[in-house]
>>> print(open('input.cif').read())   # mmCIF, C-alpha atoms
data_coords
#
loop_
_atom_site.label_atom_id
_atom_site.label_comp_id
_atom_site.auth_asym_id
_atom_site.auth_seq_id
_atom_site.Cartn_x
_atom_site.Cartn_y
_atom_site.Cartn_z
CA LYS A 243 -12.24 -2.86 25.62
CA THR A 244 -14.87 -5.35 24.56
CA LEU A 245 -18.23 -5.51 26.30
CA ASP A 246 -16.89 -8.42 28.38
CA GLY A 247 -13.81 -6.46 29.46
CA SER A 248 -11.18 -7.88 27.07
CA LEU A 249 -8.54 -5.54 25.68
CA VAL A 250 -8.85 -4.55 22.00
CA PHE A 251 -5.94 -3.25 19.92
CA PHE A 252 -6.33 -1.69 16.46
CA VAL A 253 -3.24 -2.23 14.28
CA GLU A 254 -3.44 1.04 12.38
CA ILE A 255 -2.33 1.15 8.74
CA PRO A 256 -2.62 4.55 7.00
CA LYS A 257 -5.01 4.91 4.03
CA THR A 258 -7.18 1.91 4.93
CA GLY A 259 -10.12 3.69 6.57
CA SER A 260 -8.33 4.01 9.89
CA SER A 261 -9.57 7.57 10.53
CA TYR A 262 -13.18 6.40 10.39
CA ILE A 263 -12.54 3.37 12.58
CA LYS A 264 -10.80 5.43 15.27
CA ARG A 265 -13.69 7.88 15.43
CA ASN A 266 -16.48 5.32 15.43
CA ALA A 267 -15.25 2.25 17.29
CA VAL A 268 -15.16 2.71 21.04
CA ILE A 269 -11.61 1.42 21.52
CA ASP A 270 -8.16 2.67 22.45
CA THR A 271 -5.99 3.08 19.35
CA HIS A 272 -2.22 3.29 18.98
CA ARG A 273 0.18 2.88 16.09
CA GLN A 274 2.71 0.85 18.03
CA TRP A 275 2.16 -1.89 20.59
CA THR A 276 4.84 -1.77 23.28
CA GLY A 277 3.59 -4.39 25.76
CA ASN A 278 3.32 -8.14 26.00
CA CYS A 279 0.40 -10.12 24.57
CA PRO A 280 -2.07 -10.83 27.38
CA LYS A 281 -4.46 -13.75 26.96
CA ASN A 282 -7.52 -11.52 26.83
CA LEU A 283 -6.11 -9.25 24.09
CA ARG A 284 -8.13 -9.06 20.86
CA SER A 285 -6.65 -7.35 17.80
CA PHE A 286 -7.83 -6.29 14.37
CA VAL A 287 -6.53 -4.51 11.28
CA ALA A 288 -7.99 -2.88 8.17
CA VAL A 289 -6.37 -3.44 4.75
CA ARG A 290 -6.94 -2.16 1.22
CA ASP A 291 -6.13 -3.03 -2.38
CA PRO A 292 -2.37 -2.27 -2.47
CA ILE A 293 -2.35 -0.14 -5.62
CA ASP A 294 -5.46 1.85 -4.67
CA ARG A 295 -3.87 2.47 -1.30
CA PHE A 296 -0.61 3.55 -2.92
CA VAL A 297 -2.36 6.08 -5.15
CA SER A 298 -4.21 7.48 -2.16
CA GLY A 299 -0.98 7.61 -0.16
CA TYR A 300 0.81 9.27 -3.05
CA GLY A 301 -1.84 12.00 -3.03
CA THR A 302 -1.18 12.54 0.67
CA LEU A 303 2.54 12.87 0.02
CA ARG A 304 1.97 15.38 -2.77
CA SER A 305 -0.20 17.43 -0.41
CA ARG A 306 2.10 17.35 2.60
CA VAL A 307 5.70 16.80 1.51
CA GLY A 308 6.09 19.76 -0.87
CA ASN A 309 8.71 20.07 -3.58
CA THR A 310 11.48 18.36 -1.64
CA VAL A 311 13.76 15.64 -2.98
CA ALA A 312 11.00 13.25 -4.06
CA PHE A 313 9.02 15.91 -5.96
CA ARG A 314 11.64 18.52 -6.75
CA ASP A 315 10.72 18.73 -10.44
CA CYS A 316 6.94 18.61 -9.94
CA GLN A 317 4.95 21.78 -10.40
CA TRP A 318 1.27 22.61 -10.01
CA LYS A 319 -0.76 24.53 -12.58
CA SER A 320 -3.51 25.17 -10.04
CA LYS A 321 -4.70 23.92 -6.67
CA ASP A 322 -6.86 21.23 -8.19
CA ARG A 323 -5.12 20.27 -11.40
CA PRO A 324 -1.61 18.76 -11.52
CA GLY A 325 0.52 19.74 -14.50
CA ASN A 326 3.14 17.07 -15.13
CA GLU A 327 1.63 14.72 -12.57
CA ILE A 328 1.95 11.59 -14.69
CA LYS A 329 5.72 12.01 -14.93
CA CYS A 330 5.92 12.79 -11.20
CA TYR A 331 3.92 9.65 -10.46
CA LYS A 332 6.14 7.44 -12.62
CA ASP A 333 9.29 8.92 -11.10
CA PHE A 334 8.01 8.36 -7.59
CA VAL A 335 7.05 4.75 -8.31
CA ASN A 336 10.61 4.19 -9.55
CA LEU A 337 11.98 5.89 -6.43
CA LEU A 338 9.86 3.81 -4.05
CA THR A 339 10.53 0.49 -5.75
CA ARG A 340 14.26 1.26 -5.76
CA LYS A 341 14.58 2.51 -2.17
CA GLY A 342 11.94 0.43 -0.41
CA GLU A 343 11.78 1.20 3.32
CA ASP A 344 14.68 3.63 2.96
CA ILE A 345 12.24 6.09 1.43
CA THR A 346 11.39 7.07 5.01
CA LYS A 347 14.83 8.70 5.24
CA LEU A 348 13.96 11.36 2.67
CA LYS A 349 13.42 14.90 3.87
CA THR A 350 10.04 16.62 4.11
CA LYS A 351 9.23 20.31 4.25
CA GLU A 352 8.66 20.00 8.02
CA ASP A 353 10.29 17.59 10.44
CA ARG A 354 6.93 16.80 12.07
CA ASP A 355 5.78 15.28 8.77
CA GLN A 356 8.61 12.73 8.62
CA ASN A 357 6.20 9.85 9.29
CA VAL A 358 4.16 10.81 6.23
CA TRP A 359 6.27 8.37 4.17
CA ASN A 360 4.55 5.55 6.07
CA HIS A 361 1.54 6.14 3.81
CA VAL A 362 3.26 4.18 1.02
CA LEU A 363 5.04 1.48 3.01
CA SER A 364 3.61 -1.99 2.56
CA GLN A 365 0.73 -3.03 4.79
CA MET A 366 2.68 -6.08 5.92
CA TRP A 367 5.37 -3.71 7.19
CA PHE A 368 2.93 -2.53 9.86
CA ILE A 369 1.64 -6.01 10.66
CA ASP A 370 5.18 -7.38 11.01
CA MET A 371 5.83 -4.79 13.72
CA TYR A 372 2.92 -6.12 15.79
CA PRO A 373 3.92 -9.14 17.91
CA CYS A 374 0.47 -10.40 18.90
CA LYS A 375 -2.25 -12.41 17.19
CA ILE A 376 -4.65 -10.57 14.86
CA ASP A 377 -8.23 -11.81 15.27
CA PHE A 378 -10.01 -9.94 12.50
CA VAL A 379 -9.07 -8.38 9.15
CA LEU A 380 -11.34 -5.81 7.51
CA GLN A 381 -11.06 -4.93 3.82
CA ARG A 382 -11.53 -1.24 3.07
CA GLU A 383 -13.57 -2.00 -0.06
CA ASP A 384 -16.41 -3.48 2.01
CA LEU A 385 -16.00 -1.46 5.17
CA SER A 386 -19.75 -1.02 5.73
CA GLN A 387 -20.52 -4.74 6.13
CA GLN A 388 -17.21 -5.67 7.69
CA PHE A 389 -17.35 -2.94 10.31
CA MET A 390 -20.62 -4.41 11.57
CA ALA A 391 -19.12 -7.92 11.50
CA LEU A 392 -16.10 -6.66 13.44
CA LYS A 393 -18.26 -5.29 16.24
CA GLN A 394 -20.09 -8.58 16.50
CA HIS A 395 -16.97 -10.75 16.26
CA LEU A 396 -14.98 -8.84 18.87
CA ASN A 397 -18.01 -7.83 20.94
CA ILE A 398 -17.18 -4.10 20.93
CA LYS A 399 -19.28 -0.97 20.88
CA GLY A 400 -19.41 1.32 17.89
CA THR A 401 -21.65 3.62 15.92
CA LYS A 402 -23.51 2.57 12.79
CA TYR A 403 -21.33 2.85 9.68
CA ASP A 404 -21.87 6.11 7.81
CA ALA A 405 -19.91 6.47 4.55
CA THR A 406 -20.38 10.26 4.61
CA LYS A 407 -18.20 10.43 7.71
CA VAL A 408 -15.19 8.62 6.23
CA VAL A 409 -13.11 11.80 6.11
CA ASN A 410 -9.58 12.39 7.31
CA PHE A 411 -9.41 16.00 8.46
CA ASN A 412 -5.60 15.87 8.51
CA GLU A 413 -5.54 15.74 4.72
CA SER A 414 -5.36 18.72 2.41
CA PRO A 415 -8.72 19.76 0.91
CA TYR A 416 -6.93 19.71 -2.45
CA ASN A 417 -5.86 16.08 -2.22
CA TRP A 418 -6.16 15.33 -5.95
CA SER A 419 -6.12 11.55 -5.43
CA LYS A 420 -9.81 11.83 -4.57
CA GLN A 421 -10.52 13.32 -8.00
CA TYR A 422 -11.69 10.54 -10.27
CA ARG A 423 -10.12 11.67 -13.55
CA VAL A 424 -6.61 12.12 -12.17
CA LYS A 425 -6.70 8.90 -10.18
CA LYS A 426 -8.01 6.99 -13.20
CA ARG A 427 -5.11 8.24 -15.35
CA LEU A 428 -2.54 7.14 -12.77
CA LEU A 429 -4.10 3.70 -12.42
CA GLU A 430 -3.88 3.32 -16.21
CA GLU A 431 -0.08 3.63 -16.09
CA LYS A 432 0.54 -0.06 -16.78
CA ASN A 433 4.31 -0.09 -16.35
CA SER A 434 4.06 1.64 -12.98
CA SER A 435 1.27 -0.68 -11.88
CA GLU A 436 3.38 -3.72 -12.75
CA LYS A 437 6.24 -2.40 -10.64
CA LEU A 438 3.87 -1.75 -7.75
CA ARG A 439 2.35 -5.22 -8.01
CA PHE A 440 5.80 -6.72 -7.62
CA HIS A 441 6.76 -4.29 -4.85
CA TYR A 442 3.59 -5.05 -2.87
CA ARG A 443 3.43 -8.73 -3.83
CA GLN A 444 3.30 -9.86 -0.20
CA ASP A 445 0.30 -7.61 0.47
CA PHE A 446 -1.51 -9.02 -2.56
CA ALA A 447 -0.85 -12.58 -1.45
CA CYS A 448 -1.59 -12.21 2.25
CA PHE A 449 -4.81 -10.20 1.87
CA ALA A 450 -6.23 -12.13 -1.11
CA TYR A 451 -6.28 -9.22 -3.55
CA ASN A 452 -6.10 -9.96 -7.25
CA ALA A 453 -2.65 -8.97 -8.50
CA THR A 454 -3.81 -9.02 -12.14
#
>>> encode(input="input.cif", output="structure tokens")
Amino acid sequence: KTLDGSLVFFVEIPKTGSSYIKRNAVIDTHRQWTGNCPKNLRSFVAVRDPIDRFVSGYGTLRSRVGNTVAFRDCQWKSKDRPGNEIKCYKDFVNLLTRKGEDITKLKTKEDRDQNVWNHVLSQMWFIDMYPCKIDFVLQREDLSQQFMALKQHLNIKGTKYDATKVVNFNESPYNWSKQYRVKKRLLEEKNSSEKLRFHYRQDFACFAYNAT
């Protein structure tokens, strides 16, 4: 709740800094809103550059899905260094842009991880599921300043932003997407990036990210 007693709902989108927000903002958080929209409800969401978010989400999938259908031909040379990762990345971009939301129907190595595919669904997919008004939008790239603005705008409690605490403990310690060299190589795949820009075109437009 806010300091004046209003309800606050965080529309959680994976890979946008949501783990930090949930730990540091004194609010109740849920992934799905099941009630009506009361007059005193205040809502906010965090978003991120669509391609950066995809690469981060792809790293999560590689860590948690295993060599199932989506990554059947992908092998690892070591814990930290992917072997044919560029080809795996290109193939997965083609798979996602072809299947769209149906990618969530693919199998994972464990049934409890079925929702892991949500890490690469569009950000508007999550927002479209939320029926109420959103009062504030944070951008992950400037989370430090915007987190403070959020607290002031919605009148909520929260700790001071600390970038060293932006860690998701559910992720594998070998999530290669956090390694600069590998991530840089994937972002340089121009053909894949063009496909992703088209696939996430609504995210680019709605959140004012530069699609070029």
>>> resolve_selection(input="input.cif", expression="the PyMOL selection byres ((chain A and resi 330-342) around 7)", output="PyMOL selection string")
chain A and resi 312-313+316+326-329+343-345+434+441
>>> atom_distance(input="input.cif", atom1="CA of Lys347 in chain A", atom2="CA of Leu303 in chain A")
14.0 Å
>>> resolve_selection(input="input.cif", expression="the PyMOL selection byres ((chain A and resi 278) around 12)", output="list in words")
Trp275, Thr276, Gly277, Cys279, Pro280, Lys281, Asn282, Leu283, Tyr372, Pro373, Cys374 and Lys375 of chain A
>>> write_last_selection(input="input.cif", atoms="C-alpha atoms", output="mmCIF file, in the coordinates of the input")
data_model
loop_
_atom_site.group_PDB
_atom_site.id
_atom_site.type_symbol
_atom_site.label_atom_id
_atom_site.label_comp_id
_atom_site.auth_asym_id
_atom_site.auth_seq_id
_atom_site.Cartn_x
_atom_site.Cartn_y
_atom_site.Cartn_z
ATOM 1 C CA TRP A 275 2.160 -1.890 20.590
ATOM 2 C CA THR A 276 4.840 -1.770 23.280
ATOM 3 C CA GLY A 277 3.590 -4.390 25.760
ATOM 4 C CA CYS A 279 0.400 -10.120 24.570
ATOM 5 C CA PRO A 280 -2.070 -10.830 27.380
ATOM 6 C CA LYS A 281 -4.460 -13.750 26.960
ATOM 7 C CA ASN A 282 -7.520 -11.520 26.830
ATOM 8 C CA LEU A 283 -6.110 -9.250 24.090
ATOM 9 C CA TYR A 372 2.920 -6.120 15.790
ATOM 10 C CA PRO A 373 3.920 -9.140 17.910
ATOM 11 C CA CYS A 374 0.470 -10.400 18.900
ATOM 12 C CA LYS A 375 -2.250 -12.410 17.190
#
>>> residues_around(input="input.cif", residues="range 294-301 of chain A", least_positions_apart="3", cutoff="9 Å", atoms="all atoms listed in the file", output="VMD selection string")
chain A and resid 256 to 258 289 to 291 304 to 306 331 334 358 to 364 417 to 420 425 428 to 429 438
>>> write_last_selection(input="input.cif", atoms="C-alpha atoms", output="PDB file, keeping the file's coordinate frame")
ATOM      1  CA  PRO A 256      -2.620   4.550   7.000  1.00  0.00           C
ATOM      2  CA  LYS A 257      -5.010   4.910   4.030  1.00  0.00           C
ATOM      3  CA  THR A 258      -7.180   1.910   4.930  1.00  0.00           C
ATOM      4  CA  VAL A 289      -6.370  -3.440   4.750  1.00  0.00           C
ATOM      5  CA  ARG A 290      -6.940  -2.160   1.220  1.00  0.00           C
ATOM      6  CA  ASP A 291      -6.130  -3.030  -2.380  1.00  0.00           C
ATOM      7  CA  ARG A 304       1.970  15.380  -2.770  1.00  0.00           C
ATOM      8  CA  SER A 305      -0.200  17.430  -0.410  1.00  0.00           C
ATOM      9  CA  ARG A 306       2.100  17.350   2.600  1.00  0.00           C
ATOM     10  CA  TYR A 331       3.920   9.650 -10.460  1.00  0.00           C
ATOM     11  CA  PHE A 334       8.010   8.360  -7.590  1.00  0.00           C
ATOM     12  CA  VAL A 358       4.160  10.810   6.230  1.00  0.00           C
ATOM     13  CA  TRP A 359       6.270   8.370   4.170  1.00  0.00           C
ATOM     14  CA  ASN A 360       4.550   5.550   6.070  1.00  0.00           C
ATOM     15  CA  HIS A 361       1.540   6.140   3.810  1.00  0.00           C
ATOM     16  CA  VAL A 362       3.260   4.180   1.020  1.00  0.00           C
ATOM     17  CA  LEU A 363       5.040   1.480   3.010  1.00  0.00           C
ATOM     18  CA  SER A 364       3.610  -1.990   2.560  1.00  0.00           C
ATOM     19  CA  ASN A 417      -5.860  16.080  -2.220  1.00  0.00           C
ATOM     20  CA  TRP A 418      -6.160  15.330  -5.950  1.00  0.00           C
ATOM     21  CA  SER A 419      -6.120  11.550  -5.430  1.00  0.00           C
ATOM     22  CA  LYS A 420      -9.810  11.830  -4.570  1.00  0.00           C
ATOM     23  CA  LYS A 425      -6.700   8.900 -10.180  1.00  0.00           C
ATOM     24  CA  LEU A 428      -2.540   7.140 -12.770  1.00  0.00           C
ATOM     25  CA  LEU A 429      -4.100   3.700 -12.420  1.00  0.00           C
ATOM     26  CA  LEU A 438       3.870  -1.750  -7.750  1.00  0.00           C
TER      27      LEU A 438
END
>>> closest_residue(input="input.cif", among="A:Asn397, A:Gln365, A:Thr302, A:Thr346", to="Ala447 in chain A", atoms="all atoms listed in the file")
A:Gln365
>>> atom_distance(input="input.cif", atom1="CA of Leu249 in chain A", atom2="CA of Lys264 in chain A")
15.3 Å
>>> resolve_selection(input="input.cif", expression="the PyMOL selection byres ((chain A and resi 377) around 6)", output="mmCIF file with C-alpha atoms, in the frame of the given file")
data_model
loop_
_atom_site.group_PDB
_atom_site.id
_atom_site.type_symbol
_atom_site.label_atom_id
_atom_site.label_comp_id
_atom_site.auth_asym_id
_atom_site.auth_seq_id
_atom_site.Cartn_x
_atom_site.Cartn_y
_atom_site.Cartn_z
ATOM 1 C CA SER A 285 -6.650 -7.350 17.800
ATOM 2 C CA PHE A 286 -7.830 -6.290 14.370
ATOM 3 C CA ILE A 376 -4.650 -10.570 14.860
ATOM 4 C CA PHE A 378 -10.010 -9.940 12.500
#
>>> atom_distance(input="input.cif", atom1="CA of Val307 in chain A", atom2="CA of Gly259 in chain A")
21.2 Å
>>> closest_residue(input="input.cif", among="A:Asp445, A:Tyr451, A:Ser435, A:Val250", to="Phe368 in chain A", atoms="all atoms listed in the file")
A:Asp445
>>> closest_residue(input="input.cif", among="A:Cys448, A:Ile255, A:Ala288, A:Leu348", to="Asp384 in chain A", atoms="all atoms listed in the file")
A:Ala288
>>> closest_residue(input="input.cif", among="A:Ile369, A:Ile293, A:Val379, A:Ile398", to="Phe446 in chain A", atoms="only C-alpha atoms")
A:Ile293
>>> closest_residue(input="input.cif", among="A:Met390, A:Ala453, A:Leu380, A:Val287", to="Phe251 in chain A", atoms="all atoms listed in the file")
A:Val287
>>> closest_residue(input="input.cif", among="A:Arg314, A:Ile263, A:Pro292, A:Met371", to="Leu385 in chain A", atoms="only C-alpha atoms")
A:Ile263
